[in-house]
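**Q** Quick one: structure below, then a few questions.
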Amino acid sequence: MSLDLVICALVLVAVQLRISANLLSLRGRGVLAGLVFVWSLLPYPWGPGAWVLSYLAGFSISSGLLAVLAIQHRVAGHYWLPVRELRTACLMLVLMALWFYPMSMGSSYADPYALGFGHFGFSTALLLVGLLAWVMRAYASCLILVAAQCAFGAGLLTSDNLWDYLIDPWLVCWAAGWLLRDRLLRARAMPAPQPSVQPSEAGKDAGGATEAAGQSSATR
Amino acid sequence: MLKRAFHLLVGAALVAGYFAATPARLWQPVPQLLAEAPAPVPSDSQWQTRFASDADTRMVHAASMLELPDGRLRAFWFAGTREGAADVSINSAIFDPATGNWSDETVSVTREQISRGWGRHIRKLGNAVPVLDDDGHMRLFVVAVSFGGWAASRLVVMESSDLGASWDFDTALVATPFLNISTLVKTPPIHYSDGSIGLPVYHEMIGKFGEILRLDRDNRILGKARIGHGRKAIQPLVLVDDSNHAVSFLRNENEPNNGYLYQSSSSDGGWRWSPLEYAPVDNPSSAVGGVAMGPGHWLVATNCNREERDDLCIRETRDAGQHWEDRWFFHNREQWRGSALKPDAFADLIDDEFVGEAIPEDQRLFLERVKANKCEPDRGCEFQYDYPYMVRTRNGDLHLLYTWNKTAIRHAWLKADASEGGASQQQPEQGAR
């Protein structure tokens, strides 16, 4: 059984738990999650994991860790990732994807994907990004980065490319969806402008509401 | 205190992650290209031609081959009812130069076999390219598609420890970040001094371009280089001149097409390639094959016109592409181009191509298949000779395989020494049309 398949099973369980969040009791969801996990690990053609991988290729280590966090959130009701950090990470991910995927698939001669097969510059750039996150106390981002790098070093996924350990298109889709939802929730939580309130005070109120909304969006 | 310790621990982990993500090979010197020793082009020019396939299936296409340690050739092609059909398999046969005969065609790899080994759904198979390592270990790179068309292709690697008699699935190559799709093979690999190979591949999705994947013996991708600065150039044929210099010819996929091949070159062992430029070689956007006979001395097998695949020739340059000459013509059906031939007239012309030669199956069935593949009610019948694949064996012989009217794989053989053998020897014309 490959790690690709295990990560795929975790992602499928996270999706199942999200879909069944309002449909089943916690116990029912737990039993169903166990069944989905085991079923997903079954080999081709019996398990859905093999079919998902046939069409979508593989998921990254980051997706696997986020799936674990999502499962933990659904089961325990507590979200471990700080929302502000998650928001920044999602934004960076989506912006990077807008540059990375078109270039890698041939929109230009430069090929950032080729760096992932082993390149001093790329490793150094990741170290700098990690150090920036470390200085900002964004430990979750640091640990996900380190986990992906160590998994790459050990060759745990089918891919030989570090990019495939860090990101995948479905992670980018999820991040874009999360940002969109976050934006909508923040807009909804924004109080209507009051003519009597000074602009600076309004901004302060909005900021507080925003953070509350973001927190609520992540923990729902 | 605990927070500070955690903070420092995460910092240390980042440094550890840096080293984990930096492969040890980056500290080692870059390997050099391995060029074949220069050799003269055989002077007697007596090509022998024969069929390599048995016509067991209605359609065959995209042949490839390599030389076995004992001097025989093993060839591969895909075969089935039609291109992209679910019943397409990778078939193989062995050519023995001592007897001048091809063995019976056998099924080497099926999509079910890859599905079982990989544990993934496979919808269809395509081109296959073999590699023989120094230890006798053989690899076959196969285009496999799980969904959609050729733009959704992936590469899987089959391995054989008995010189291609049986195959086991080894791995799938992850060559693109988006669903790992749009990577195909067609042309022979190149070799590096450290035992790794460079596999020329191409993409057919957002951009159409060529690349070289550098692979070690365990099929791990060590690096990737994009060929040329264009977006409509595929199926790179890479010819190695020396340890640093190589040239690549690519099929021009622009529409409308001006009818010339693309060319790019590298002077650093294939890591960086010059911008694409037109090579002064006519080509109707079809695949090319070829070999390097020495630095700047190249033979390129191609369709030698700008419109159709109804001829096939080998062109030669001795000055790194400054001047080209038509060296041999194997087919030339220009005079029937666009004439909407009737099936019976077409069959008569086809019949003339193998006078005195054994036809793979019963002649009536064979001709019916050719007509079924190449005749359409509204357009009439058309000739098609394409997808050449060329190798130079250790003794200096030249071998060419190509798709013959989508119905058979044809083999042309030019011996380095005196010409011998029992197959037809007269056909290719020397020089220009």
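We name chains A, B, ... following the order of the structure tokens; residues begin at 1 in each chain, and ligands are numbered from 1 as shown.
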Considering only C-alpha atoms, return as a compact mmCIF listing (two decimals) with N, CA and C atoms, in the first residue's frame whatever protein or nucleic-acid residues lie within 12 Å of His7 in chain B, sequence-local ones (same chain, fewer than 2 positions apart) excluded.
**A**
```
# COMPACT_ATOMS: atom_id res chain seq x y z
N LEU A 131 11.85 30.24 6.98
CA LEU A 131 12.39 31.12 8.03
C LEU A 131 11.49 32.34 8.25
N ALA A 133 8.27 32.38 7.80
CA ALA A 133 7.13 31.87 8.57
C ALA A 133 7.53 31.63 10.03
N TRP A 134 8.74 31.20 10.22
CA TRP A 134 9.23 30.92 11.59
C TRP A 134 9.32 32.21 12.40
N VAL A 135 9.84 33.25 11.76
CA VAL A 135 9.94 34.55 12.43
C VAL A 135 8.55 35.07 12.77
N MET A 136 7.60 34.79 11.88
CA MET A 136 6.21 35.24 12.11
C MET A 136 5.47 34.31 13.07
N ARG A 137 6.17 33.31 13.57
CA ARG A 137 5.56 32.32 14.48
C ARG A 137 4.45 31.52 13.80
N ALA A 138 4.54 31.37 12.48
CA ALA A 138 3.55 30.55 11.75
C ALA A 138 4.05 29.10 11.75
N TYR A 139 3.94 28.47 12.87
CA TYR A 139 4.56 27.16 13.05
C TYR A 139 3.90 26.06 12.20
N ALA A 140 2.62 26.17 12.00
CA ALA A 140 1.93 25.13 11.21
C ALA A 140 2.50 25.09 9.79
N CYS A 142 5.42 26.08 8.90
CA CYS A 142 6.80 25.55 8.99
C CYS A 142 6.78 24.02 9.05
N LEU A 143 5.91 23.49 9.86
CA LEU A 143 5.92 22.03 10.06
C LEU A 143 5.42 21.30 8.81
N MET B 1 9.58 29.16 28.58
CA MET B 1 10.72 28.26 28.35
C MET B 1 10.37 27.19 27.31
N LEU B 2 9.17 26.57 27.54
CA LEU B 2 8.74 25.51 26.62
C LEU B 2 8.48 26.08 25.22
N LYS B 3 7.89 27.30 25.23
CA LYS B 3 7.60 27.95 23.95
C LYS B 3 8.90 28.25 23.20
N ARG B 4 9.89 28.71 23.93
CA ARG B 4 11.16 29.04 23.30
C ARG B 4 11.84 27.78 22.75
N ALA B 5 11.76 26.71 23.51
CA ALA B 5 12.35 25.44 23.05
C ALA B 5 11.63 24.96 21.77
N LEU B 9 13.21 24.47 18.14
CA LEU B 9 13.07 23.14 17.52
C LEU B 9 12.53 23.27 16.08
N VAL B 10 11.53 24.12 15.91
CA VAL B 10 10.97 24.33 14.57
C VAL B 10 12.03 24.93 13.64
N GLY B 11 12.81 25.86 14.17
CA GLY B 11 13.89 26.45 13.37
C GLY B 11 14.89 25.40 12.92
N ALA B 12 15.24 24.51 13.85
CA ALA B 12 16.18 23.44 13.49
C ALA B 12 15.57 22.50 12.46
N ALA B 13 14.27 22.25 12.59
CA ALA B 13 13.59 21.37 11.63
C ALA B 13 13.62 21.97 10.23
N LEU B 14 13.52 23.30 10.15
CA LEU B 14 13.58 23.95 8.83
C LEU B 14 14.94 23.72 8.17
```
**Q** Counting only C-alpha atoms, collect the residues of chain B whose closest atom lies at most 9 Å from chain A, and write them out as an MDAnalysis selection string.
**A** chainID B and resid 7 10:11 13:23 25:26 115:116 118:122 146:147 171:182 203 205:209 220:231
**Q** Within range 196-366 of chain B, find each residue whose DSSP state, derived from the backbone, is alpha helix (DSSP H), and express the selection as a list in words.
**A**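 DSSP on the backbone gives alpha helix (DSSP H) at Pro343, Asp344, Ala345, Phe346, Ala347, Asp348, Leu349, Ile350, Asp351, Asp352, Gln363, Arg364, Leu365 and Phe366 of chain B.
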**Q** Interatomic distance between CA of Leu312 in chain B and CA of Gly149 in chain B?
**A**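 That distance, rounded to one decimal, is 27.7 Å.
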**Q** Under the rule that only C-alpha atoms are counted, which of A:Ala76, A:Leu156, A:Val94, A:Ala176 is the nearest residue to Val6 in chain A?
**A** A:Leu156
**Q** Mind checking DSSP for range 141-291 of chain B and telling me the strand (DSSP E) residues as a short mmCIF file (atom, residue, chain, number, x, y, z; two decimals) with C-alpha atoms, in the first residue's frame?
**A**
```
data_model
loop_
_atom_site.label_atom_id
_atom_site.label_comp_id
_atom_site.auth_asym_id
_atom_site.auth_seq_id
_atom_site.Cartn_x
_atom_site.Cartn_y
_atom_site.Cartn_z
CA PHE B 141 8.45 3.40 -21.56
CA VAL B 142 4.80 3.19 -22.55
CA VAL B 143 2.24 5.94 -23.11
CA ALA B 144 -0.86 5.12 -21.04
CA VAL B 145 -4.09 7.09 -20.84
CA SER B 153 -1.16 10.72 -21.51
CA ARG B 154 1.08 9.48 -18.73
CA LEU B 155 4.25 7.44 -18.93
CA VAL B 156 4.57 4.07 -17.27
CA VAL B 157 7.73 1.99 -17.11
CA MET B 158 7.76 -1.75 -17.65
CA GLU B 159 10.82 -3.81 -16.83
CA SER B 160 12.18 -7.04 -18.22
CA ASP B 168 6.54 -6.43 -15.16
CA PHE B 169 5.19 -3.06 -14.19
CA ASP B 170 7.78 -0.95 -12.42
CA THR B 171 6.52 2.58 -11.92
CA ALA B 172 4.69 5.51 -13.40
CA LEU B 173 6.69 8.64 -14.12
CA LEU B 184 4.38 11.18 -24.42
CA VAL B 185 7.38 9.41 -25.93
CA ILE B 190 20.25 9.30 -25.17
CA HIS B 191 22.82 8.11 -22.64
CA TYR B 192 24.93 9.85 -20.01
CA ILE B 197 19.49 8.15 -19.69
CA GLY B 198 17.83 11.13 -21.28
CA LEU B 199 14.36 10.26 -22.47
CA PRO B 200 13.02 12.69 -25.09
CA VAL B 201 9.36 13.37 -24.33
CA TYR B 202 6.78 15.85 -25.52
CA HIS B 203 3.64 17.53 -24.30
CA GLU B 204 0.38 18.10 -26.08
CA LYS B 208 3.15 21.60 -27.47
CA PHE B 209 6.83 21.25 -26.77
CA GLY B 210 9.64 18.80 -26.28
CA GLU B 211 11.61 17.97 -23.16
CA ILE B 212 14.30 15.61 -21.97
CA LEU B 213 13.73 13.64 -18.79
CA ARG B 214 16.93 12.43 -17.18
CA LEU B 215 16.34 9.10 -15.45
CA ILE B 221 13.61 11.41 -12.59
CA LEU B 222 16.82 13.33 -11.88
CA GLY B 223 16.08 16.37 -13.95
CA LYS B 224 14.17 17.84 -16.83
CA ALA B 225 15.07 20.23 -19.62
CA ARG B 226 12.70 21.94 -22.02
CA ILE B 227 13.76 21.96 -25.66
CA ALA B 233 7.08 21.55 -31.61
CA ILE B 234 6.81 17.91 -30.56
CA GLN B 235 8.45 14.49 -30.82
CA PRO B 236 12.06 15.65 -30.36
CA LEU B 237 14.67 13.48 -32.04
CA VAL B 238 17.94 14.06 -30.17
CA LEU B 239 21.24 13.31 -31.93
CA VAL B 240 24.40 13.45 -29.83
CA ALA B 246 23.52 17.61 -29.16
CA VAL B 247 20.97 18.67 -31.72
CA SER B 248 17.24 18.07 -31.71
CA PHE B 249 14.78 17.94 -34.60
CA LEU B 250 11.14 18.46 -33.75
CA ARG B 251 7.94 17.98 -35.63
CA ASN B 252 6.35 21.32 -36.50
CA TYR B 260 9.73 22.60 -42.21
CA LEU B 261 11.09 20.77 -39.20
CA TYR B 262 12.11 22.68 -36.11
CA GLN B 263 15.66 22.45 -34.82
CA SER B 264 17.33 23.29 -31.53
CA SER B 265 20.78 22.56 -30.13
CA SER B 266 22.51 22.28 -26.79
CA GLU B 277 14.59 27.63 -35.60
CA TYR B 278 13.49 26.11 -38.85
CA ALA B 279 15.71 23.37 -40.21
CA PRO B 280 15.99 23.36 -44.01
CA VAL B 281 14.29 19.95 -44.08
CA ASP B 282 10.84 19.55 -45.63
CA GLY B 289 13.75 9.28 -36.93
CA GLY B 290 17.48 9.43 -37.31
CA VAL B 291 21.00 8.63 -36.17
#
```
